[in-house]
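Participant: Below you'll find input.cif; it's mmCIF, C-alpha atoms.
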data_run
#
loop_
_atom_site.label_atom_id
_atom_site.label_comp_id
_atom_site.auth_asym_id
_atom_site.auth_seq_id
_atom_site.Cartn_x
_atom_site.Cartn_y
_atom_site.Cartn_z
CA MET A 1 -13.61 66.02 58.51
CA ARG A 2 -15.93 68.06 56.36
CA ASP A 3 -13.31 69.98 54.44
CA LEU A 4 -12.80 67.99 51.25
CA PHE A 5 -9.67 69.94 50.42
CA GLY A 6 -8.07 68.56 53.56
CA VAL A 7 -9.29 65.08 52.61
CA VAL A 8 -7.66 65.34 49.18
CA MET A 9 -4.41 66.47 50.75
CA LEU A 10 -4.56 63.55 53.17
CA PHE A 11 -5.05 61.18 50.23
CA GLY A 12 -1.95 62.61 48.60
CA ILE A 13 0.09 62.24 51.78
CA TYR A 14 -1.20 58.70 52.25
CA SER A 15 -0.16 57.80 48.71
CA LEU A 16 3.29 59.26 49.24
CA LEU A 17 3.74 57.31 52.47
CA THR A 18 2.57 54.14 50.74
CA ALA A 19 5.10 54.77 48.00
CA ALA A 20 7.81 55.09 50.65
CA LEU A 21 6.55 51.84 52.19
CA PHE A 22 6.79 50.10 48.83
CA MET A 23 10.35 51.37 48.48
CA ASP A 24 11.10 49.89 51.87
CA LEU A 25 9.72 46.55 50.63
CA ASP A 26 12.08 46.76 47.61
CA ALA A 27 9.22 47.14 45.12
CA VAL A 28 10.65 50.03 43.13
CA ASP A 29 8.35 49.86 40.10
CA VAL A 30 5.25 49.80 42.27
CA ALA A 31 6.57 52.67 44.40
CA PHE A 32 7.25 54.70 41.26
CA THR A 33 3.75 54.11 39.93
CA GLU A 34 2.17 54.81 43.32
CA ALA A 35 4.06 58.07 43.73
CA ALA A 36 3.30 59.22 40.21
CA VAL A 37 -0.35 58.25 40.19
CA GLY A 38 -1.36 58.61 43.82
CA ALA A 39 0.67 61.54 45.04
CA GLY A 40 0.83 63.24 41.67
CA VAL A 41 -2.00 62.92 39.22
CA SER A 42 -4.74 61.74 41.59
CA THR A 43 -4.35 64.83 43.73
CA ILE A 44 -4.69 67.07 40.68
CA LEU A 45 -7.74 65.19 39.41
CA LEU A 46 -9.43 65.22 42.81
CA LEU A 47 -8.74 68.93 43.24
CA SER A 48 -10.17 69.72 39.83
CA SER A 49 -13.24 67.69 40.72
CA LEU A 50 -13.54 69.72 43.92
CA ARG A 51 -14.11 72.69 41.65
CA LEU A 52 -17.27 70.98 40.47
CA VAL A 53 -18.64 69.63 43.71
CA GLY A 54 -17.66 72.30 46.19
CA ARG A 55 -15.21 72.28 49.01
CA HIS A 56 -17.27 71.25 51.99
CA GLU A 57 -19.12 68.03 52.48
CA LYS A 58 -22.77 68.48 53.27
CA PRO A 59 -23.64 67.12 56.70
CA HIS A 60 -25.22 63.72 56.39
CA LYS A 61 -28.44 62.81 57.99
CA HIS A 62 -27.79 59.20 58.93
CA ASN A 63 -26.28 57.95 62.14
CA PRO A 64 -22.65 56.99 61.56
CA LEU A 65 -22.80 54.19 64.14
CA LEU A 66 -24.00 51.43 61.81
CA PRO A 67 -21.34 51.98 59.11
CA LEU A 68 -18.74 52.15 61.88
CA ILE A 69 -19.85 48.75 63.20
CA VAL A 70 -19.80 47.22 59.72
CA VAL A 71 -16.34 48.60 58.98
CA GLY A 72 -15.05 47.48 62.37
CA LEU A 73 -16.36 43.92 61.90
CA THR A 74 -14.93 43.70 58.38
CA GLY A 75 -11.57 45.00 59.55
CA ALA A 76 -11.49 42.53 62.42
CA ALA A 77 -12.34 39.67 60.06
CA LEU A 78 -9.59 40.77 57.67
CA ILE A 79 -7.01 40.96 60.43
CA TYR A 80 -8.06 37.53 61.65
CA GLY A 81 -7.68 36.18 58.14
CA VAL A 82 -4.30 37.82 57.62
CA SER A 83 -2.91 36.43 60.85
CA ASP A 84 -2.87 33.04 59.17
CA ALA A 85 -0.93 34.26 56.14
CA PRO A 86 2.74 33.40 55.67
CA LEU A 87 5.31 35.97 56.75
CA VAL A 88 6.58 38.53 54.25
CA GLY A 89 9.46 37.07 52.29
CA ASP A 90 8.94 33.53 53.50
CA PRO A 91 10.52 31.36 50.79
CA ASN A 92 8.06 28.54 51.44
CA ALA A 93 5.02 30.71 50.93
CA PRO A 94 2.70 29.51 48.15
CA ALA A 95 3.16 32.80 46.29
CA HIS A 96 6.84 31.99 45.86
CA GLN A 97 6.33 28.46 44.55
CA HIS A 98 4.84 27.35 41.21
CA VAL A 99 5.58 30.01 38.59
CA ALA A 100 7.55 32.61 40.54
CA PRO A 101 10.86 30.66 40.57
CA ARG A 102 10.56 30.17 36.82
CA TYR A 103 9.98 33.89 36.27
CA LEU A 104 12.92 34.80 38.46
CA ASN A 105 15.33 32.16 37.17
CA GLU A 106 14.56 32.09 33.49
CA GLY A 107 12.96 35.49 32.97
CA PRO A 108 16.05 37.41 31.92
CA GLN A 109 17.12 34.68 29.51
CA GLU A 110 13.74 33.98 27.98
CA THR A 111 12.68 37.57 27.54
CA GLY A 112 16.09 39.15 27.19
CA ILE A 113 15.43 42.10 29.49
CA PRO A 114 16.98 42.45 32.95
CA ASN A 115 13.98 43.97 34.73
CA VAL A 116 11.91 40.99 35.88
CA VAL A 117 8.97 43.19 36.83
CA THR A 118 8.57 44.44 33.27
CA ALA A 119 9.15 40.94 31.96
CA VAL A 120 6.36 39.54 34.12
CA LEU A 121 4.06 42.48 33.46
CA ALA A 122 4.48 42.66 29.72
CA SER A 123 5.36 39.14 28.70
CA TYR A 124 4.49 36.42 31.19
CA ARG A 125 1.34 38.16 32.36
CA GLY A 126 0.74 40.19 29.25
CA TYR A 127 -2.89 39.16 29.08
CA ASP A 128 -3.58 40.63 32.51
CA THR A 129 -1.88 43.86 31.50
CA LEU A 130 -4.09 43.97 28.43
CA GLY A 131 -7.02 43.79 30.81
CA GLU A 132 -5.58 46.65 32.86
CA THR A 133 -5.12 48.79 29.78
CA VAL A 134 -8.69 48.14 28.67
CA VAL A 135 -9.89 49.06 32.18
CA VAL A 136 -8.02 52.36 32.00
CA PHE A 137 -9.50 53.03 28.57
CA THR A 138 -12.97 52.16 29.85
CA ALA A 139 -12.53 54.67 32.66
CA GLY A 140 -11.78 57.33 30.07
CA LEU A 141 -14.83 56.26 28.06
CA ALA A 142 -17.02 56.42 31.16
CA VAL A 143 -15.85 59.94 31.98
CA LEU A 144 -16.54 60.98 28.40
CA LEU A 145 -19.99 59.44 28.41
CA LEU A 146 -20.92 60.96 31.74
CA LEU A 147 -19.45 64.41 31.44
CA GLY A 148 -18.52 64.91 27.82
CA VAL A 149 -15.97 67.19 26.30
CA THR A 150 -17.47 70.66 26.21
CA GLY A 151 -16.96 72.24 22.84
CA THR A 152 -17.03 75.81 24.06
CA ALA A 153 -14.86 75.54 27.11
CA ARG A 154 -15.17 77.97 29.91
CA GLN A 155 -12.47 80.62 29.67
CA ARG A 156 -10.98 80.82 33.11
CA ASP A 157 -10.21 84.25 34.42
CA PHE A 158 -6.52 84.43 33.66
CA GLY A 159 -6.11 88.17 33.78
CA SER A 160 -3.81 89.64 31.21
CA ASP A 161 -1.08 87.72 29.47
CA ASP A 162 1.48 89.40 31.70
CA ASP A 163 -0.11 88.03 34.80
CA ARG A 164 1.67 84.74 35.02
CA LYS A 165 4.99 85.60 33.52
CA VAL A 166 7.11 83.78 36.08
CA GLN A 167 5.05 80.61 36.01
CA ARG A 168 4.77 80.61 32.25
CA GLN A 169 8.48 81.08 31.74
CA VAL A 170 9.44 78.34 34.17
CA VAL A 171 6.85 75.94 32.79
CA LYS A 172 7.92 76.70 29.22
CA THR A 173 11.46 75.80 30.16
CA LEU A 174 10.58 72.68 32.12
CA ILE A 175 7.97 70.95 29.99
CA PRO A 176 10.41 69.66 27.31
CA TYR A 177 12.46 68.03 30.06
CA ILE A 178 9.36 66.50 31.58
CA MET A 179 8.45 65.00 28.20
CA LEU A 180 12.00 63.79 27.74
CA PHE A 181 11.92 62.19 31.14
CA ALA A 182 8.62 60.52 30.29
CA LEU A 183 10.15 59.05 27.14
CA TYR A 184 13.17 57.95 29.16
CA VAL A 185 10.95 56.19 31.70
CA GLN A 186 8.99 54.55 28.89
CA PHE A 187 11.98 52.98 27.22
CA HIS A 188 14.09 52.46 30.31
CA GLY A 189 11.46 50.18 31.81
CA ASP A 190 13.32 47.22 30.39
CA PHE A 191 16.36 47.92 32.51
CA GLY A 192 15.27 49.81 35.58
CA ALA A 193 12.14 51.07 37.19
CA GLY A 194 9.71 52.36 34.65
CA GLY A 195 7.45 51.16 31.92
CA GLY A 196 4.29 52.21 30.19
CA PHE A 197 2.11 53.16 33.16
CA GLN A 198 4.57 55.50 34.80
CA ALA A 199 5.61 57.04 31.49
CA GLY A 200 2.02 57.64 30.47
CA VAL A 201 1.32 59.40 33.77
CA ILE A 202 4.40 61.63 33.49
CA PHE A 203 3.58 62.48 29.89
CA ALA A 204 0.04 63.40 30.89
CA VAL A 205 1.33 65.55 33.74
CA GLY A 206 3.30 67.61 31.24
CA PHE A 207 0.13 68.42 29.34
CA VAL A 208 -1.84 69.04 32.53
CA LEU A 209 0.84 71.48 33.69
CA TYR A 210 0.61 73.34 30.40
CA ASP A 211 -3.16 73.51 30.71
CA LEU A 212 -2.95 74.74 34.31
CA VAL A 213 -0.56 77.58 33.60
CA PHE A 214 -1.49 78.68 30.10
CA GLY A 215 -5.23 78.16 30.22
CA HIS A 216 -7.54 76.00 28.21
CA ALA A 217 -7.58 78.37 25.22
CA HIS A 218 -3.93 77.65 24.53
CA SER A 219 -3.84 74.01 25.50
CA ARG A 220 -6.80 73.32 23.24
CA LYS A 221 -4.69 74.44 20.30
CA VAL A 222 -1.87 72.16 21.36
CA LEU A 223 -3.94 69.04 21.94
CA PRO A 224 -7.68 69.17 21.28
CA ALA A 225 -9.46 67.04 23.81
CA GLN A 226 -11.63 65.24 21.29
CA HIS A 227 -8.57 63.53 19.87
CA LEU A 228 -7.54 62.17 23.22
CA ILE A 229 -9.92 59.24 23.28
CA ARG A 230 -8.66 58.27 19.84
CA PHE A 231 -5.13 58.12 21.21
CA GLY A 232 -6.41 55.91 23.99
CA ALA A 233 -8.15 53.65 21.53
CA LEU A 234 -4.95 53.55 19.49
CA GLY A 235 -3.05 52.41 22.55
CA VAL A 236 -5.46 49.56 23.24
CA LEU A 237 -5.46 48.74 19.52
CA ILE A 238 -1.66 48.45 19.47
CA TYR A 239 -1.71 46.15 22.45
CA GLY A 240 -4.51 43.96 21.15
CA GLY A 241 -3.09 44.15 17.68
CA VAL A 242 0.13 42.53 18.81
CA GLY A 243 -1.90 39.69 20.24
CA LEU A 244 -4.02 39.35 17.14
CA TYR A 245 -0.99 39.37 14.90
CA SER A 246 0.43 36.46 16.85
CA LEU A 247 -2.87 34.64 16.35
CA LEU A 248 -2.87 35.32 12.63
CA VAL A 249 0.67 34.03 12.26
CA GLY A 250 -0.45 30.79 13.85
CA LYS A 251 0.72 30.95 17.45
CA ASN A 252 -1.11 31.75 20.65
CA PHE A 253 -2.62 35.12 21.51
CA LEU A 254 0.09 37.55 22.68
CA ASP A 255 2.82 35.03 21.92
CA TYR A 256 5.73 37.35 21.21
CA THR A 257 7.86 34.65 19.64
CA ALA A 258 5.72 35.09 16.53
CA LEU A 259 7.02 38.60 15.98
CA ALA A 260 10.55 37.82 14.88
CA GLN A 261 12.76 34.93 13.80
CA ASP A 262 14.67 34.79 17.06
CA PRO A 263 12.33 34.25 20.06
CA VAL A 264 14.23 36.61 22.36
CA HIS A 265 14.18 39.30 19.67
CA GLY A 266 10.47 38.72 19.33
CA GLN A 267 10.10 39.21 23.07
CA HIS A 268 11.96 42.52 22.80
CA ILE A 269 9.71 43.76 20.01
CA GLY A 270 6.58 42.52 21.73
CA ILE A 271 7.39 44.16 25.05
CA LEU A 272 8.30 47.42 23.31
CA LEU A 273 5.03 47.56 21.38
CA VAL A 274 2.96 46.51 24.34
CA GLU A 275 4.47 49.11 26.65
CA LEU A 276 3.92 51.70 23.94
CA GLY A 277 0.25 50.77 23.84
CA VAL A 278 -0.01 51.00 27.61
CA GLY A 279 1.75 54.37 27.72
CA LEU A 280 -0.48 55.83 25.01
CA ALA A 281 -3.66 54.61 26.68
CA VAL A 282 -2.70 55.85 30.16
CA PHE A 283 -1.52 59.23 28.87
CA SER A 284 -4.64 59.90 26.87
CA VAL A 285 -7.06 58.80 29.58
CA ILE A 286 -5.44 60.87 32.32
CA THR A 287 -5.28 63.99 30.15
CA LEU A 288 -8.86 63.38 29.07
CA ILE A 289 -10.14 63.03 32.63
CA TYR A 290 -8.31 66.16 33.68
CA SER A 291 -9.55 68.29 30.80
CA THR A 292 -13.09 67.00 31.26
CA PHE A 293 -13.11 67.95 34.92
CA ALA A 294 -11.22 71.18 34.69
CA ASN A 295 -13.00 72.72 31.76
CA ARG A 296 -16.51 71.87 32.62
CA LYS A 297 -18.81 74.82 33.18
CA VAL A 298 -19.41 75.11 36.89
CA ALA A 299 -23.12 75.52 37.55
CA GLN A 300 -23.12 78.61 39.72
CA MET B 1 40.17 60.77 51.63
CA SER B 2 37.06 58.68 51.85
CA LEU B 3 36.77 59.63 55.51
CA LEU B 4 36.82 63.28 54.46
CA ILE B 5 34.08 62.65 51.92
CA ASP B 6 32.06 60.78 54.55
CA ILE B 7 32.37 63.63 57.01
CA LEU B 8 31.51 66.21 54.39
CA SER B 9 28.48 64.29 53.19
CA GLY B 10 27.38 63.75 56.78
CA LEU B 11 27.62 67.48 57.43
CA LEU B 12 25.65 68.27 54.29
CA LEU B 13 22.98 65.74 55.17
CA ALA B 14 22.71 67.08 58.70
CA ALA B 15 22.53 70.67 57.49
CA GLY B 16 19.86 69.82 54.93
CA SER B 17 17.80 67.88 57.43
CA LEU B 18 18.09 70.70 59.96
CA MET B 19 16.86 73.18 57.37
CA CYS B 20 13.89 71.04 56.43
CA LEU B 21 13.05 70.47 60.10
CA THR B 22 13.12 74.15 60.95
CA GLY B 23 11.01 74.79 57.88
CA GLY B 24 8.48 72.34 59.20
CA LEU B 25 8.61 74.02 62.59
CA GLY B 26 7.92 77.37 60.98
CA LEU B 27 5.06 75.83 59.06
CA LEU B 28 3.41 74.87 62.33
CA ARG B 29 4.13 77.89 64.47
CA LEU B 30 4.08 81.02 62.39
CA PRO B 31 0.95 83.18 62.57
CA ASP B 32 0.09 83.98 58.97
CA PHE B 33 -0.22 82.12 55.67
CA PHE B 34 2.46 84.15 53.94
CA CYS B 35 4.88 83.75 56.86
CA ARG B 36 4.32 80.01 56.85
CA LEU B 37 4.76 79.83 53.09
CA HIS B 38 7.96 81.81 53.35
CA ALA B 39 9.35 79.54 56.05
CA ALA B 40 8.43 76.22 54.50
CA SER B 41 9.40 76.96 50.95
CA LEU B 42 12.69 78.80 51.48
CA ASN B 43 14.00 76.24 53.92
CA GLU B 44 13.02 73.32 51.74
CA THR B 45 14.48 74.88 48.62
CA LEU B 46 17.84 75.03 50.30
CA GLY B 47 17.54 71.94 52.45
CA THR B 48 16.60 69.45 49.75
CA PRO B 49 19.53 70.24 47.42
CA LEU B 50 21.84 70.10 50.46
CA ILE B 51 20.56 66.62 51.29
CA LEU B 52 20.93 65.59 47.66
CA LEU B 53 24.47 66.99 47.57
CA GLY B 54 25.30 64.90 50.61
CA LEU B 55 23.87 61.84 48.86
CA ILE B 56 25.83 62.61 45.69
CA LEU B 57 29.03 62.58 47.73
CA GLN B 58 28.02 59.17 49.05
CA THR B 59 27.31 57.56 45.70
CA GLY B 60 30.47 58.71 44.01
CA PHE B 61 30.63 59.64 40.35
CA ASP B 62 28.26 57.55 38.25
CA LEU B 63 24.84 57.74 36.65
CA ASP B 64 23.01 57.83 39.97
CA SER B 65 24.80 61.01 41.04
CA ILE B 66 23.88 62.69 37.75
CA LYS B 67 20.25 61.76 38.38
CA LEU B 68 20.46 63.17 41.90
CA LEU B 69 21.97 66.36 40.52
CA LEU B 70 19.13 66.67 38.03
CA ILE B 71 16.59 66.17 40.80
CA GLY B 72 18.30 68.91 42.81
CA LEU B 73 18.23 71.31 39.86
CA PHE B 74 14.58 70.50 39.26
CA ILE B 75 13.73 71.24 42.90
CA LEU B 76 15.69 74.50 42.74
CA ALA B 77 13.71 75.55 39.69
CA THR B 78 10.22 74.44 40.65
CA ASN B 79 10.02 75.10 44.38
CA PRO B 80 10.27 78.89 44.07
CA THR B 81 7.82 78.85 41.19
CA ALA B 82 5.36 76.86 43.24
CA THR B 83 5.76 79.31 46.12
CA HIS B 84 5.17 82.19 43.76
CA ALA B 85 2.07 80.48 42.39
CA MET B 86 0.75 79.78 45.88
CA SER B 87 1.22 83.34 47.09
CA ARG B 88 -0.42 84.73 43.95
CA ALA B 89 -3.31 82.36 44.40
CA ALA B 90 -3.67 83.41 48.02
CA LEU B 91 -3.65 87.10 47.12
CA HIS B 92 -6.19 86.42 44.39
CA ALA B 93 -8.39 84.60 46.91
CA GLY B 94 -8.28 87.62 49.18
CA GLU B 95 -5.82 86.53 51.86
CA LYS B 96 -4.18 89.63 53.26
CA PRO B 97 -0.70 89.51 54.77
CA LEU B 98 -0.46 90.12 58.48
CA VAL B 99 0.92 93.59 58.93
CA ASP B 100 1.92 95.11 62.23
CA ALA B 101 -0.84 97.66 62.86
CA GLN B 102 1.37 99.94 64.95
CA ALA B 103 4.09 100.09 62.30
CA GLN B 104 1.42 100.72 59.70
CA GLY B 105 0.13 103.66 61.81
CA GLU B 106 3.63 105.08 62.27
CA SER B 107 4.60 104.90 58.62
CA SER B 108 1.33 106.48 57.49
CA SER B 109 1.73 109.31 60.02
CA LYS B 110 5.31 109.99 58.88
CA SER B 111 4.48 110.13 55.14
#
Is it possible to express this structure as structure tokens?

Facilitator:
Amino acid sequence: MRDLFGVVMLFGIYSLLTAALFMDLDAVDVAFTEAAVGAGVSTILLLSSLRLVGRHEKPHKHNPLLPLIVVGLTGAALIYGVSDAPLVGDPNAPAHQHVAPRYLNEGPQETGIPNVVTAVLASYRGYDTLGETVVVFTAGLAVLLLLGVTGTARQRDFGSDDDRKVQRQVVKTLIPYIMLFALYVQFHGDFGAGGGFQAGVIFAVGFVLYDLVFGHAHSRKVLPAQHLIRFGALGVLIYGGVGLYSLLVGKNFLDYTALAQDPVHGQHIGILLVELGVGLAVFSVITLIYSTFANRKVAQ
Amino acid sequence: MSLLIDILSGLLLAAGSLMCLTGGLGLLRLPDFFCRLHAASLNETLGTPLILLGLILQTGFDLDSIKLLLIGLFILATNPTATHAMSRAALHAGEKPLVDAQAQGESSSKS
């Protein structure tokens, strides 16, 4: 398929189907994140990058037979390896021994929040989530270093101000509710599906929507792109700062019991701050990547 | 009473699914971009809230039904806007609607 637009649409459909698959496997948080990131933001980012690279793939000169053989062999090896794996949901599988019973049995009591996924993500495996947040921030840094935020952004041809009345009115009405929903997802992650990643994505989508409909001239006044990386850095700083504070008080890195007198209360505070850091970092990086792609001068 | 609610919600779900299906059929079979857009979007904008209404009847009256209602309202607000945006984009890109040439000839000869 040479039409990259079709490829991007297929990616979006694939992500949506994967999200439905995750829902079927009872992984609601993962499905939420997959739908928001894969079927939502990724499609927008890929489409705005299509603006820069053109819609059709240039025909390649090499013979596709060798890559096909390599992919086929690798796939066959993977399937052979997976055939030995334990069945999904097998209680005797190694993944369900060791720490998983402790997370499931004592998680709600130790951390004080009902959603075990958030408890594992933000508390038991908080160090890994710090790594994820830094990776997201690094992606934003890489995009900035490679493409840069153009100071004089290209003014897209938006016609007159009357041109998009319907879209502007609807978007003006909807964006506050989108932001509210993002905040709801951020803080509701303790109890239901949600958390920092999803909330950051939804928050970013609000800003991307504003930029799409009102044009870069307006959205630059609302949120200048050069401040975005500072928000991202602030997010990582909050997350790492929580860990460092625990160190300074005398406990281990990212030990939330150092944050308050009562350990469970400390867990609450720690998870709140950490999810805030994650949400800030994700929001700023996604908005940054979008505005870098969408407002770059296209070399015509 | 609950049987009545079950039947009603089943009817709503069936109606909504039928609408979405016929919208998909129109998306595949109609000749022109604007016709396809018309079919897909109108049918979905009615079909999805119907399905959600059927689901609301199933879940009863609690927080989940409020969330479903909000989703339905959101779809009702954004689907037409997206259709509008798509048709404007298509017109801007130069896509012309398929007009019956004979009718065009007749109307121009009458006026």

Participant: Pull out every residue of chain A sitting within 10 Å of chain B, counting all atoms listed in the file, and send them as a list in words.

Facilitator: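 For chain A, the answer reads Asp163, Arg164, Val166, Gln167, Arg168, Gln169, Val170, Val171, Thr173, Leu174, Tyr177 and Val213 of chain A.
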
Participant: Please, which residues are within 10 Å of (14.1, 77.4, 51.7) by the file's coordinates, counting only C-alpha atoms, and could they come as a ChimeraX atom specification?

Facilitator: /B:19-20,22-23,37-49,76,79-80

Participant: Quick check, in Å to one decimal: how far apart do atom CA of A:Thr257 and atom CA of A:Val136 lie?

Facilitator: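 Interatomic distance here is 26.8 Å.
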
Participant: May I ask for the distance between atom CA of B:Leu21 and atom CA of A:Val30, given in Å to one decimal place?

Facilitator: 28.4 Å

Participant: Rounded to one decimal, what separation in Å do you get between atom CA of A:Ser49 and atom CA of A:Ala294?

Facilitator: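 Atom CA of A:Ala294 lies at a distance of 7.3 Å from atom CA of A:Ser49.
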
Participant: Once the PyMOL selection byres ((chain B and resi 57) around 10) has been applied to the shown file, what residues remain in the selection, as a PDB file with C-alpha atoms, keeping the file's coordinate frame?

Facilitator:
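Okay, this is what ended up in expr-v1.pdb:
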ATOM      1  CA  SER B   2      37.060  58.680  51.850  1.00  0.00           C
ATOM      2  CA  ILE B   5      34.080  62.650  51.920  1.00  0.00           C
ATOM      3  CA  ASP B   6      32.060  60.780  54.550  1.00  0.00           C
ATOM      4  CA  ILE B   7      32.370  63.630  57.010  1.00  0.00           C
ATOM      5  CA  LEU B   8      31.510  66.210  54.390  1.00  0.00           C
ATOM      6  CA  SER B   9      28.480  64.290  53.190  1.00  0.00           C
ATOM      7  CA  GLY B  10      27.380  63.750  56.780  1.00  0.00           C
ATOM      8  CA  LEU B  12      25.650  68.270  54.290  1.00  0.00           C
ATOM      9  CA  LEU B  52      20.930  65.590  47.660  1.00  0.00           C
ATOM     10  CA  LEU B  53      24.470  66.990  47.570  1.00  0.00           C
ATOM     11  CA  GLY B  54      25.300  64.900  50.610  1.00  0.00           C
ATOM     12  CA  LEU B  55      23.870  61.840  48.860  1.00  0.00           C
ATOM     13  CA  ILE B  56      25.830  62.610  45.690  1.00  0.00           C
ATOM     14  CA  GLN B  58      28.020  59.170  49.050  1.00  0.00           C
ATOM     15  CA  THR B  59      27.310  57.560  45.700  1.00  0.00           C
ATOM     16  CA  GLY B  60      30.470  58.710  44.010  1.00  0.00           C
ATOM     17  CA  PHE B  61      30.630  59.640  40.350  1.00  0.00           C
ATOM     18  CA  SER B  65      24.800  61.010  41.040  1.00  0.00           C
TER      19      SER B  65
END

Participant: List the residues sitting within 9 Å of (-0.9, 66.6, 31.3) in the file's frame, using all atoms listed in the file, as a PyMOL selection string.

Facilitator: chain A and resi 41+201-212+283-284+286-288+290-291

Participant: With all atoms listed in the file as the atoms that count, which of B:Ala15, B:Leu3, B:Phe34, B:Leu25 lies nearest to B:Met86?

Facilitator: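 Residue with the minimum atom-to-atom distance to B:Met86: B:Phe34.
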
Participant: Name all residues at most 12 Å from A:Ser15 (count all atoms listed in the file; drop same-chain ones fewer than 6 positions away) and give them as a list in words.

Facilitator: Val8, Met9, Leu21, Phe22, Val30, Ala31, Phe32, Thr33, Glu34, Ala35, Ala36, Val37, Gly38, Ala39, Gly40, Val41, Ser42 and Thr43 of chain A

Participant: With distances taken over all atoms listed in the file, which residue among A:Ile271, A:Val143, A:Val134, A:Leu16 lies nearest A:His188?

Facilitator: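 Checking each candidate against A:His188, we get A:Ile271 as the closest.
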
Participant: Name the closest residue to B:Gly24 among the candidates B:Ile66, B:Arg36, B:Ser87, B:Val99; distances are taken between atoms, counting all atoms listed in the file.

Facilitator: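 Ranked by minimum distance to B:Gly24, first place goes to B:Arg36.
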
Participant: Quick one: everything within 10 Å of B:Lys96, counting all atoms listed in the file, minus sequence neighbours fewer than 3 positions away in the same chain. Send it as a list in words.

Facilitator: Asp32, Phe33, Phe34, Ala90, Leu91, His92, Ala93 and Val99 of chain B

Participant: Dump C-alpha atoms for the selected residues as a short mmCIF file (atom, residue, chain, number, x, y, z; two decimals), keeping the file's coordinate frame?

Facilitator:
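Contents of again-v2.cif, freshly written:
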data_model
loop_
_atom_site.label_atom_id
_atom_site.label_comp_id
_atom_site.auth_asym_id
_atom_site.auth_seq_id
_atom_site.Cartn_x
_atom_site.Cartn_y
_atom_site.Cartn_z
CA ASP B 32 0.09 83.98 58.97
CA PHE B 33 -0.22 82.12 55.67
CA PHE B 34 2.46 84.15 53.94
CA ALA B 90 -3.67 83.41 48.02
CA LEU B 91 -3.65 87.10 47.12
CA HIS B 92 -6.19 86.42 44.39
CA ALA B 93 -8.39 84.60 46.91
CA VAL B 99 0.92 93.59 58.93
#

Participant: Just so the selection is clear, what residues does the PyMOL selection byres ((chain A and resi 119-123) around 9) cover here, as number ranges by chain?

Facilitator: A: 103, 107-108, 111-118, 124-130, 190, 254-256, 267, 270-272, 274-275
